[in-house]
Amino acid sequence: RHTAKKLATDGNHLLVHGRKPDVGKELCQELLDRGALSATYFNADLNDLVEVERLAKEVTEHCKANARGQLDVLINNAGTFDPPLPAKSAQDVDQTFAVNVLAPFVLTRRLLPLVGASTDPCPRVITTSSISQSWSLPPMDELLDINNDAKSAHRAYSDSKLGDYLFTVQLAKILNAQKDEKLSRIKCLTMDPGTVNTKMLLAGWGACGIPVSRADNTYKLATEYGAKQESGSYHFGGGGGKCDDIEEFWSRLEECTGCTYDIDKDL
């Protein structure tokens, strides 16, 4: 919300996502009151890839009808920590990894044509990682096995945040290699949002952070600061874990989601 409010004050067209329509409607009105040129709410449960696909379709249709088929900045910020047991997604994958990694993996792929069509000088995809990311991932069979018992809340979250970092690194590599400049110019950025006293932080770590009103890291990447950064880079805190085979990681994400990044074929 904080980032959306700051972007509203700058006079942007905003699309926001959530799971509570009443709250989303109220937020959109507040964004308009703060100066947004438009504010549209989309409802979807990112714990279900069918819902993610529907969300992507609705956003695409909206942008084609109202924004000349363009999306300047995509911010993948939704996340979960310590969901109730059995902590499985609609597709039976670990729920934390599904919401925090698989959902943005699919959503970004579906919305890439809109970002590529942007007339902004620096279109970008921003994905929230964390200073709490793991140093390395467990074996992929363990990470994506639908039969595994639930992990500890902190381990599941840390693995997912490393997944978000690796997603950004590999997406940047894929897009940088494209011959089509509308794709190769897209910047992929990730960051620690800051140790902020959100509901998630309070539940998992206690009140050890800054007020939400000072959490400007995402806003910085979405505006002038982010335009100057190298694609595939991580910002604002410790990070940069490793994966022994990032291409295998990517391939398994494609296999698990049924969503491929064969960009040359359809963009």
# chains A, B, ... in the order shown; residues from 1 in each chain; ligands from 1

$ residues_around --residues "A:Asp92" --least-positions-apart "6" --cutoff "10 Å" --atoms "only C-alpha atoms" --output "CSV table (one decimal) with all heavy atoms, in the first residue's frame"
chain,number,residue,atom,x,y,z
A,47,ASN,N,-2.3,-18.3,-4.4
A,47,ASN,CA,-2.1,-19.6,-3.9
A,47,ASN,C,-2.6,-20.7,-5.0
A,47,ASN,O,-2.4,-21.9,-4.8
A,47,ASN,CB,-2.7,-19.9,-2.6
A,47,ASN,CG,-2.3,-21.2,-1.9
A,47,ASN,OD1,-1.1,-21.5,-2.0
A,47,ASN,ND2,-3.2,-21.9,-1.4
A,48,ASP,N,-3.2,-20.2,-6.0
A,48,ASP,CA,-3.8,-21.1,-7.0
A,48,ASP,C,-3.3,-20.6,-8.4
A,48,ASP,O,-3.7,-19.4,-8.8
A,48,ASP,CB,-5.3,-21.1,-6.9
A,48,ASP,CG,-6.0,-22.0,-7.9
A,48,ASP,OD1,-5.3,-22.6,-8.8
A,48,ASP,OD2,-7.2,-22.3,-7.7
A,86,PRO,N,-2.3,-27.5,6.1
A,86,PRO,CA,-1.1,-28.2,5.7
A,86,PRO,C,-0.1,-27.4,4.9
A,86,PRO,O,0.9,-27.9,4.4
A,86,PRO,CB,-1.6,-29.4,4.9
A,86,PRO,CG,-2.9,-28.8,4.3
A,86,PRO,CD,-3.5,-27.9,5.3
A,98,ALA,N,4.9,-21.4,-3.5
A,98,ALA,CA,3.9,-21.2,-4.5
A,98,ALA,C,3.5,-19.7,-4.7
A,98,ALA,O,3.5,-19.1,-5.8
A,98,ALA,CB,2.7,-22.0,-4.3
A,144,LEU,N,10.1,-28.8,-4.7
A,144,LEU,CA,8.8,-28.8,-5.4
A,144,LEU,C,8.0,-30.1,-5.2
A,144,LEU,O,7.0,-30.3,-5.9
A,144,LEU,CB,9.1,-28.6,-6.9
A,144,LEU,CG,9.8,-27.2,-7.2
A,144,LEU,CD1,10.2,-27.1,-8.7
A,144,LEU,CD2,8.9,-26.1,-6.9
A,145,ASP,N,8.4,-31.0,-4.4
A,145,ASP,CA,7.7,-32.3,-4.2
A,145,ASP,C,6.4,-32.0,-3.5
A,145,ASP,O,6.3,-31.4,-2.5
A,145,ASP,CB,8.6,-33.2,-3.3
A,145,ASP,CG,8.0,-34.6,-3.3
A,145,ASP,OD1,6.8,-34.8,-3.5
A,145,ASP,OD2,8.8,-35.5,-2.9
A,146,ILE,N,5.3,-32.5,-4.1
A,146,ILE,CA,4.0,-32.3,-3.6
A,146,ILE,C,3.7,-33.2,-2.4
A,146,ILE,O,2.7,-33.0,-1.7
A,146,ILE,CB,2.9,-32.5,-4.7
A,146,ILE,CG1,2.9,-34.0,-5.1
A,146,ILE,CG2,3.1,-31.6,-5.9
A,146,ILE,CD1,1.7,-34.3,-6.1
A,147,ASN,N,4.6,-34.1,-2.1
A,147,ASN,CA,4.3,-35.0,-1.0
A,147,ASN,C,5.1,-34.7,0.3
A,147,ASN,O,5.0,-35.4,1.3
A,147,ASN,CB,4.7,-36.5,-1.4
A,147,ASN,CG,3.8,-37.0,-2.6
A,147,ASN,OD1,2.6,-36.8,-2.5
A,147,ASN,ND2,4.4,-37.5,-3.6
A,148,ASN,N,5.9,-33.6,0.2
A,148,ASN,CA,6.7,-33.3,1.4
A,148,ASN,C,5.8,-32.8,2.5
A,148,ASN,O,4.8,-32.1,2.3
A,148,ASN,CB,7.7,-32.2,1.0
A,148,ASN,CG,8.9,-32.8,0.4
A,148,ASN,OD1,9.1,-34.0,0.4
A,148,ASN,ND2,9.8,-31.9,-0.2

$ select_by_dssp --residues "stretch 2-202 of chain A" --states "alpha helix (DSSP H)" --output "PyMOL selection string"
chain A and resi 2-9+21-34+49-66+95-97+103-116+140-144+153-176+181-184+199-202

$ residues_around --residues "A:Arg252" --least-positions-apart "3" --cutoff "12 Å" --atoms "only C-alpha atoms" --output "JSON, numbers by chain"
{"A": [102, 105, 139, 140, 141, 142, 143, 144, 145, 163, 167, 245, 246, 247, 248, 249, 255, 256, 257, 258, 259, 260]}

$ residues_around --residues "A:Glu26" --least-positions-apart "4" --cutoff "12 Å" --atoms "only C-alpha atoms" --output "count of residues only"
13

$ select_by_dssp --residues "stretch 53-179 of chain A" --states "strand (DSSP E)" --output "list in words"
Val73, Leu74, Ile75, Asn76, Arg124, Val125, Ile126, Thr127 and Thr128 of chain A

$ write_last_selection --atoms "N, CA and C atoms" --output "PDB file, in the first residue's frame"
ATOM      1  N   VAL A  73       5.729  -0.630 -15.339  1.00  0.00           N
ATOM      2  CA  VAL A  73       6.438  -1.257 -14.225  1.00  0.00           C
ATOM      3  C   VAL A  73       5.551  -2.338 -13.622  1.00  0.00           C
ATOM      4  N   LEU A  74       6.080  -3.538 -13.524  1.00  0.00           N
ATOM      5  CA  LEU A  74       5.387  -4.646 -12.843  1.00  0.00           C
ATOM      6  C   LEU A  74       6.103  -4.896 -11.530  1.00  0.00           C
ATOM      7  N   ILE A  75       5.365  -4.795 -10.426  1.00  0.00           N
ATOM      8  CA  ILE A  75       5.944  -5.012  -9.099  1.00  0.00           C
ATOM      9  C   ILE A  75       5.355  -6.286  -8.502  1.00  0.00           C
ATOM     10  N   ASN A  76       6.182  -7.306  -8.343  1.00  0.00           N
ATOM     11  CA  ASN A  76       5.777  -8.556  -7.698  1.00  0.00           C
ATOM     12  C   ASN A  76       6.108  -8.449  -6.214  1.00  0.00           C
ATOM     13  N   ARG A 124      10.288  -1.959 -16.414  1.00  0.00           N
ATOM     14  CA  ARG A 124      10.995  -2.855 -15.500  1.00  0.00           C
ATOM     15  C   ARG A 124      10.069  -3.824 -14.796  1.00  0.00           C
ATOM     16  N   VAL A 125      10.666  -4.919 -14.335  1.00  0.00           N
ATOM     17  CA  VAL A 125      10.002  -5.926 -13.500  1.00  0.00           C
ATOM     18  C   VAL A 125      10.729  -5.942 -12.166  1.00  0.00           C
ATOM     19  N   ILE A 126      10.001  -5.671 -11.101  1.00  0.00           N
ATOM     20  CA  ILE A 126      10.572  -5.604  -9.754  1.00  0.00           C
ATOM     21  C   ILE A 126       9.976  -6.731  -8.924  1.00  0.00           C
ATOM     22  N   THR A 127      10.818  -7.526  -8.310  1.00  0.00           N
ATOM     23  CA  THR A 127      10.355  -8.658  -7.501  1.00  0.00           C
ATOM     24  C   THR A 127      10.981  -8.570  -6.119  1.00  0.00           C
ATOM     25  N   THR A 128      10.145  -8.634  -5.110  1.00  0.00           N
ATOM     26  CA  THR A 128      10.615  -8.472  -3.737  1.00  0.00           C
ATOM     27  C   THR A 128      11.309  -9.736  -3.241  1.00  0.00           C
TER      28      THR A 128
END

$ residues_around --residues "A:Glu53" --least-positions-apart "6" --cutoff "8 Å" --atoms "only C-alpha atoms" --output "ChimeraX atom specification"
/A:106-107,110

$ atom_distance --atom1 "atom CA of A:Arg19" --atom2 "atom CA of A:Asn77"
13.6 Å

$ residues_around --residues "A:Leu175" --least-positions-apart "6" --cutoff "8 Å" --atoms "only C-alpha atoms" --output "list in words"
Leu183, Ser184, Arg185 and Ile186 of chain A

$ write_last_selection --atoms "all heavy atoms" --output "PDB file, in the first residue's frame"
ATOM      1  N   LEU A 183      12.393  -5.974 -25.647  1.00  0.00           N
ATOM      2  CA  LEU A 183      12.548  -6.949 -24.573  1.00  0.00           C
ATOM      3  C   LEU A 183      13.884  -6.793 -23.858  1.00  0.00           C
ATOM      4  O   LEU A 183      13.951  -6.855 -22.628  1.00  0.00           O
ATOM      5  CB  LEU A 183      12.412  -8.367 -25.125  1.00  0.00           C
ATOM      6  CG  LEU A 183      11.042  -8.718 -25.721  1.00  0.00           C
ATOM      7  CD1 LEU A 183      11.084 -10.099 -26.361  1.00  0.00           C
ATOM      8  CD2 LEU A 183       9.961  -8.666 -24.662  1.00  0.00           C
ATOM      9  N   SER A 184      14.951  -6.586 -24.613  1.00  0.00           N
ATOM     10  CA  SER A 184      16.282  -6.516 -24.001  1.00  0.00           C
ATOM     11  C   SER A 184      16.437  -5.278 -23.117  1.00  0.00           C
ATOM     12  O   SER A 184      17.296  -5.252 -22.233  1.00  0.00           O
ATOM     13  CB  SER A 184      17.367  -6.522 -25.077  1.00  0.00           C
ATOM     14  OG  SER A 184      17.245  -5.389 -25.927  1.00  0.00           O
ATOM     15  N   ARG A 185      15.627  -4.251 -23.320  1.00  0.00           N
ATOM     16  CA  ARG A 185      15.739  -3.028 -22.513  1.00  0.00           C
ATOM     17  C   ARG A 185      14.997  -3.130 -21.185  1.00  0.00           C
ATOM     18  O   ARG A 185      15.165  -2.281 -20.298  1.00  0.00           O
ATOM     19  CB  ARG A 185      15.189  -1.834 -23.289  1.00  0.00           C
ATOM     20  CG  ARG A 185      13.683  -1.876 -23.482  1.00  0.00           C
ATOM     21  CD  ARG A 185      13.214  -0.888 -24.535  1.00  0.00           C
ATOM     22  NE  ARG A 185      11.780  -1.019 -24.737  1.00  0.00           N
ATOM     23  CZ  ARG A 185      10.874  -0.167 -24.243  1.00  0.00           C
ATOM     24  NH1 ARG A 185      11.278   0.864 -23.532  1.00  0.00           N
ATOM     25  NH2 ARG A 185       9.596  -0.365 -24.464  1.00  0.00           N
ATOM     26  N   ILE A 186      14.173  -4.178 -20.991  1.00  0.00           N
ATOM     27  CA  ILE A 186      13.437  -4.340 -19.736  1.00  0.00           C
ATOM     28  C   ILE A 186      14.429  -4.628 -18.613  1.00  0.00           C
ATOM     29  O   ILE A 186      15.246  -5.541 -18.712  1.00  0.00           O
ATOM     30  CB  ILE A 186      12.415  -5.479 -19.829  1.00  0.00           C
ATOM     31  CG1 ILE A 186      11.353  -5.164 -20.885  1.00  0.00           C
ATOM     32  CG2 ILE A 186      11.746  -5.720 -18.473  1.00  0.00           C
ATOM     33  CD1 ILE A 186      10.394  -6.322 -21.152  1.00  0.00           C
TER      34      ILE A 186
END
